[in-house]
Every structure is written in structure tokens, then in C-alpha cells.
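Text of work.cif, listed as mmCIF, C-alpha atoms:
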```cif
data_query
loop_
_atom_site.label_atom_id
_atom_site.label_comp_id
_atom_site.auth_asym_id
_atom_site.auth_seq_id
_atom_site.Cartn_x
_atom_site.Cartn_y
_atom_site.Cartn_z
CA MET A 62 -9.18 -16.20 -46.95
CA THR A 63 -8.42 -16.65 -43.28
CA THR A 64 -5.08 -17.54 -41.79
CA THR A 65 -4.46 -19.37 -38.57
CA THR A 66 -1.55 -18.34 -36.38
CA ALA A 67 0.13 -21.16 -34.54
CA PRO A 68 0.37 -20.65 -30.78
CA ARG A 69 3.69 -19.19 -29.74
CA VAL A 70 5.82 -21.55 -27.69
CA THR A 71 8.43 -19.99 -25.43
CA THR A 72 11.41 -22.15 -24.57
CA PRO A 73 12.89 -21.35 -21.15
CA PRO A 74 16.64 -20.62 -21.07
CA PRO A 75 19.05 -23.36 -19.93
CA GLY A 76 19.06 -23.81 -16.18
CA PHE A 77 15.71 -22.06 -15.71
CA VAL A 78 13.64 -23.56 -12.89
CA MET A 79 9.96 -22.66 -12.61
CA PRO A 80 9.08 -21.87 -8.97
CA ASP A 81 6.33 -23.88 -7.32
CA PHE A 82 3.55 -21.39 -6.62
CA GLY A 83 1.28 -24.01 -5.06
CA ASP A 84 -2.27 -24.86 -6.02
CA THR A 85 -4.38 -22.42 -8.01
CA ARG A 86 -7.43 -20.80 -6.48
CA GLY A 87 -9.82 -22.73 -8.67
CA PRO A 88 -9.85 -26.14 -10.37
CA VAL A 89 -8.08 -26.69 -13.66
CA PRO A 90 -10.70 -26.85 -16.45
CA GLY A 91 -11.67 -30.44 -17.10
CA SER A 92 -10.15 -31.77 -13.88
CA ALA A 93 -12.10 -33.47 -11.12
CA PRO A 94 -11.92 -32.19 -7.52
CA ALA A 95 -9.82 -34.18 -5.08
CA HIS A 96 -11.53 -36.45 -2.59
CA GLY A 97 -13.28 -34.42 0.09
CA GLU A 98 -13.01 -31.12 -1.83
CA GLN A 99 -15.91 -29.17 -3.26
CA SER A 100 -15.67 -28.05 -6.84
CA VAL A 101 -15.92 -24.33 -7.57
CA PRO A 102 -18.24 -23.48 -10.49
CA ALA A 103 -16.55 -21.81 -13.42
CA GLY A 104 -16.45 -18.04 -13.08
CA VAL A 105 -17.32 -18.05 -9.38
CA ALA A 106 -14.72 -16.86 -6.87
CA ALA A 107 -14.02 -18.93 -3.77
CA TYR A 108 -14.80 -15.93 -1.54
CA GLN A 109 -18.35 -14.68 -2.05
CA GLY A 110 -18.71 -12.13 0.77
CA ARG A 111 -18.75 -8.36 0.48
CA ARG A 112 -15.95 -6.98 -1.67
CA LYS A 113 -13.08 -5.73 0.46
CA MET A 114 -9.55 -4.38 0.19
CA ALA A 115 -6.70 -4.83 2.65
CA PHE A 116 -3.76 -2.43 2.72
CA ILE A 117 -0.42 -3.14 4.41
CA CYS A 118 1.50 0.04 5.28
CA SER A 119 5.18 -0.67 5.98
CA LYS A 120 6.78 2.73 5.30
CA GLY A 121 6.94 5.82 7.49
CA ASN A 122 7.98 8.42 4.91
CA LEU A 123 5.50 11.17 4.09
CA ASP A 124 5.28 10.24 0.40
CA MET A 125 4.72 6.55 1.25
CA ALA A 126 2.00 7.31 3.79
CA TYR A 127 -0.52 8.71 1.34
CA PRO A 128 -1.01 5.94 -1.28
CA ALA A 129 -2.91 3.58 1.04
CA LEU A 130 -4.86 6.43 2.65
CA ILE A 131 -5.97 7.83 -0.70
CA MET A 132 -6.81 4.44 -2.23
CA GLY A 133 -8.57 3.36 0.95
CA ASN A 134 -10.70 6.49 0.88
CA ALA A 135 -11.52 5.89 -2.78
CA ALA A 136 -12.50 2.29 -2.02
CA LEU A 137 -14.82 3.41 0.77
CA GLY A 138 -16.47 5.77 -1.69
CA GLU A 139 -17.20 2.76 -3.89
CA GLY A 140 -18.80 0.88 -1.00
CA ILE A 141 -15.84 -1.46 -0.53
CA GLU A 142 -14.90 -2.73 2.93
CA VAL A 143 -11.44 -1.42 3.88
CA HIS A 144 -8.87 -2.80 6.34
CA ILE A 145 -5.43 -1.20 6.88
CA PHE A 146 -2.57 -2.93 8.72
CA PHE A 147 0.35 -0.76 9.88
CA THR A 148 3.60 -2.63 10.37
CA PHE A 149 7.29 -1.78 10.89
CA TRP A 150 7.94 1.89 9.99
CA GLY A 151 4.37 2.19 8.81
CA LEU A 152 3.48 2.29 12.50
CA ASP A 153 4.75 5.89 12.51
CA MET A 154 1.59 6.74 10.58
CA ILE A 155 -0.61 5.89 13.58
CA ASN A 156 1.79 6.89 16.34
CA THR A 157 0.62 10.29 17.63
CA ARG A 158 4.21 11.15 18.53
CA THR A 159 5.32 10.88 14.89
CA ASN A 160 2.39 10.97 12.46
CA ASP A 161 2.21 14.77 12.32
CA ARG A 162 5.89 15.13 11.43
CA LEU A 163 6.60 12.45 8.82
CA LYS A 164 9.47 13.40 6.50
CA PHE A 165 10.06 13.38 2.77
CA THR A 166 13.62 12.97 1.51
CA LEU A 167 15.42 13.04 -1.81
CA SER A 168 17.86 10.35 -0.67
CA GLY A 169 17.21 7.07 -2.45
CA ASN A 170 14.39 8.62 -4.49
CA THR A 171 15.76 8.64 -8.04
CA ALA A 172 12.36 9.63 -9.45
CA MET A 173 12.31 12.90 -7.50
CA HIS A 174 11.78 15.98 -9.66
CA MET A 175 10.38 19.45 -8.92
CA PRO A 176 7.43 20.65 -11.04
CA ASP A 177 8.11 24.29 -10.09
CA LEU A 178 11.48 24.23 -11.88
CA GLY A 179 9.60 24.33 -15.17
CA ARG A 180 8.95 28.01 -14.50
CA LEU A 181 12.67 28.68 -14.76
CA ARG A 182 13.17 26.69 -17.93
CA PRO A 183 10.70 24.35 -19.66
CA GLY A 184 11.76 20.74 -19.29
CA LEU A 185 13.49 21.12 -15.93
CA GLU A 186 10.33 19.93 -14.20
CA HIS A 187 10.98 16.45 -15.61
CA VAL A 188 14.66 16.24 -14.62
CA SER A 189 15.43 14.02 -11.63
CA MET A 190 17.20 15.75 -8.77
CA PRO A 191 20.83 14.69 -8.14
CA GLN A 192 21.07 12.27 -5.24
CA ALA A 193 23.86 14.32 -3.69
CA MET A 194 21.37 17.10 -2.98
CA GLY A 195 19.65 14.86 -0.45
CA ASN A 196 22.76 15.07 1.73
CA LEU A 197 22.75 18.86 1.94
CA PRO A 198 21.85 20.27 5.36
CA GLY A 199 18.20 21.28 5.53
CA MET A 200 17.25 19.58 2.25
CA THR A 201 14.95 17.03 3.90
CA SER A 202 13.10 19.78 5.77
CA PHE A 203 12.80 21.79 2.54
CA ALA A 204 11.47 18.82 0.57
CA THR A 205 9.02 17.98 3.35
CA ARG A 206 7.66 21.54 3.47
CA MET A 207 7.35 21.56 -0.31
CA MET A 208 5.35 18.34 -0.39
CA LYS A 209 3.08 19.42 2.46
CA LYS A 210 2.41 22.70 0.65
CA GLN A 211 1.48 20.82 -2.52
CA MET A 212 -0.87 18.58 -0.54
CA GLU A 213 -2.43 21.59 1.16
CA ASP A 214 -2.99 23.33 -2.19
CA LEU A 215 -4.94 20.25 -3.34
CA ASP A 216 -7.00 20.18 -0.11
CA ILE A 217 -5.56 16.79 0.83
CA PRO A 218 -5.85 16.18 4.60
CA THR A 219 -2.83 15.70 6.81
CA VAL A 220 -2.07 12.13 7.88
CA PRO A 221 -3.80 12.45 11.32
CA GLU A 222 -6.83 14.07 9.67
CA PHE A 223 -6.91 11.36 7.02
CA LEU A 224 -6.98 8.66 9.71
CA ASP A 225 -9.97 10.35 11.34
CA LEU A 226 -11.69 10.62 7.96
CA LEU A 227 -11.14 6.95 7.15
CA ALA A 228 -12.37 5.77 10.54
CA ALA A 229 -15.47 7.96 10.30
CA SER A 230 -16.17 6.48 6.86
CA GLY A 231 -15.98 2.91 8.15
CA ALA A 232 -12.38 1.82 7.56
CA HIS A 233 -10.77 -0.59 10.03
CA LEU A 234 -7.23 0.30 11.17
CA TYR A 235 -4.88 -2.07 12.99
CA ALA A 236 -1.39 -1.89 14.47
CA CYS A 237 1.05 -4.80 14.07
CA ARG A 238 1.62 -6.54 17.41
CA LEU A 239 5.25 -7.46 16.62
CA THR A 240 6.22 -3.90 15.65
CA TYR A 241 4.21 -2.46 18.53
CA ASP A 242 6.22 -4.54 21.01
CA MET A 243 9.54 -4.09 19.19
CA MET A 244 9.27 -0.30 19.19
CA LYS A 245 7.98 -0.27 22.77
CA ILE A 246 4.91 1.75 21.87
CA ILE A 247 2.18 2.17 24.47
CA GLU A 248 -1.55 2.24 23.78
CA ALA A 249 -1.75 5.95 24.64
CA ASP A 250 0.56 6.67 21.67
CA LEU A 251 -1.83 5.15 19.13
CA HIS A 252 -4.16 7.34 17.12
CA PRO A 253 -7.77 7.02 18.37
CA ALA A 254 -8.87 5.64 14.99
CA VAL A 255 -6.86 2.44 15.54
CA GLU A 256 -9.20 -0.41 16.48
CA GLY A 257 -6.60 -2.66 18.02
CA VAL A 258 -3.17 -4.24 18.04
CA ILE A 259 -3.24 -7.57 16.20
CA SER A 260 -0.79 -10.18 14.96
CA ALA A 261 0.06 -10.88 11.34
CA SER A 262 -1.95 -14.11 11.58
CA ASP A 263 -4.97 -12.17 12.79
CA PHE A 264 -4.73 -9.82 9.84
CA ILE A 265 -4.43 -12.71 7.40
CA GLU A 266 -7.72 -14.03 8.74
CA ILE A 267 -9.33 -10.59 8.47
CA ALA A 268 -8.03 -10.19 4.91
CA GLU A 269 -9.61 -13.45 3.69
CA GLY A 270 -11.00 -12.82 0.22
CA ALA A 271 -9.70 -9.23 0.04
CA GLN A 272 -7.61 -7.53 -2.61
CA ILE A 273 -4.29 -7.01 -0.82
CA ILE A 274 -2.13 -3.98 -1.56
CA PHE A 275 1.33 -3.73 0.03
CA VAL A 276 2.88 -0.28 0.38
#
```
Whole structure given in C-alpha cells:
Amino acid sequence: MTTTTAPRVTTPPPGFVMPDFGDTRGPVPGSAPAHGEQSVPAGVAAYQGRRKMAFICSKGNLDMAYPALIMGNAALGEGIEVHIFFTFWGLDMINTRTNDRLKFTLSGNTAMHMPDLGRLRPGLEHVSMPQAMGNLPGMTSFATRMMKKQMEDLDIPTVPEFLDLLAASGAHLYACRLTYDMMKIIEADLHPAVEGVISASDFIEIAEGAQIIFV
């Protein structure tokens, strides 16, 4: 004997307004394309070029610099085209005056815990560090040295070395024009791996059809 489960209907709470997210990427099943539009066959993406990923780096902290670099390197290893756009404080990652001395801080990082504390007492490695410790003199320098040591032990390149590695592997790196002008950076300050200084609109065109990851 088989039973049929009725589809679950969720009633929105009073006053709930569904945002308008605009048109979907493809046609609604069973609907006809509007006049002048071409229908997209079922199961076929609108963009049919080479698979690519676009990363937007907006943070200049040491711990926020690595996610895009590591994922970008992994994507290149899979044969995926990679584009990275550095904007706002993310520009510190490609500024030769700052990218070799990015900092890591406990302040505002409620997930921060120290794996080495487990040697003192099991379980301490999972305990988040008190936020007040981030205000102690020298704590940011200590945390930065600790993270760099952990990266070094895992043979993870420094940020400048990672930029060279990505460029040599075929990644495309860009600086945000607005941030570049706002921070009064000059071309000589940019890491040699940077291909150019482009606007947000330019990057949107470049990122057409890409998986976009914002860091």
C-alpha cells in the first residue's frame, strides 16, 4: 500500500512582503517567450562559454585575504577561468606597500580560538577567545605571527607569492578604479600580477556567466 503526501503549503506571516527579485534566468516551464526573445532550451544555461569563476575581494585582513586566493588556485587546477577583483580594503592585498604586512586581529572575530591551547587542557582549543583580549597591547601582532606560522607550517605561500602563483597559472587580477582613486594609489604601488585598473561596470562585463564569490 502506498501513501501520498500532500504538498506542504507555507503561509507567510502577517505583513510579510515578498521582494521582487526580477526575472528568472530561464523561462518558466510551459510559458512562451516574450516577443523578440529567444527561448532557452530546458537544462541549457544562458551562458555557454568556458566555465569561469569571479572573486570579489573587499577585505584587507590577513585571514580574509586567503579564501579567494586558495579557491582561485583550486579553480585553476580544475581548468576553470579565474578573475579576481580587488575593491575597498581588499586593495591592500595587491598594494606592494601593504600586502606583505596584512594583520590578523581578535577584535570582532567571535569565532577565534587557538588550537594550541588543547595541549594545556583538552577542549580549550574549541573555546572562543574573549573579545577583550583583542584590545591588549601587542595582541594583534601576536595573533598575526601565529597565523603566519600556521600558514608557513602548511607550506601556504605568502600573499605576494600567492599573487605571483595565480598570475603564472593564468588568473586575471584587477584593481577597482574607484578605490584606486579614493586611496590615491599610484600604478607603481600595484603588484606586477595586476593586469589593470578597471571600473565595477567593466568587471561586471568580464564576469558574465561566471560563478561570483564575494569575500
To one decimal in Å, tell me the separation between atom CA of A:Ala236 and atom CA of A:Phe147.
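Separating atom CA of A:Ala236 from atom CA of A:Phe147 is a distance of 5.0 Å.
Closest approach to A:Ser168 among A:Pro253, A:Ser119, A:Ala204, A:Val220 is made by A:Ala204 (distances from only C-alpha atoms).
Considering the residues A:Gly110, A:Gly133, A:Pro128, A:Gly138 and counting all atoms listed in the file, A:His233 has its shortest atom-to-atom contact with A:Gly133.
Across the structure, atom CA of A:Leu215 and atom CA of A:Asp153 are spaced 23.5 Å apart.
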Quick one: of A:Ala135, A:Thr159, A:Gly140, A:Gly270, who's nearest to A:Asp250, counting only C-alpha atoms?
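Counting only C-alpha atoms, the residue closest to A:Asp250 is A:Thr159.
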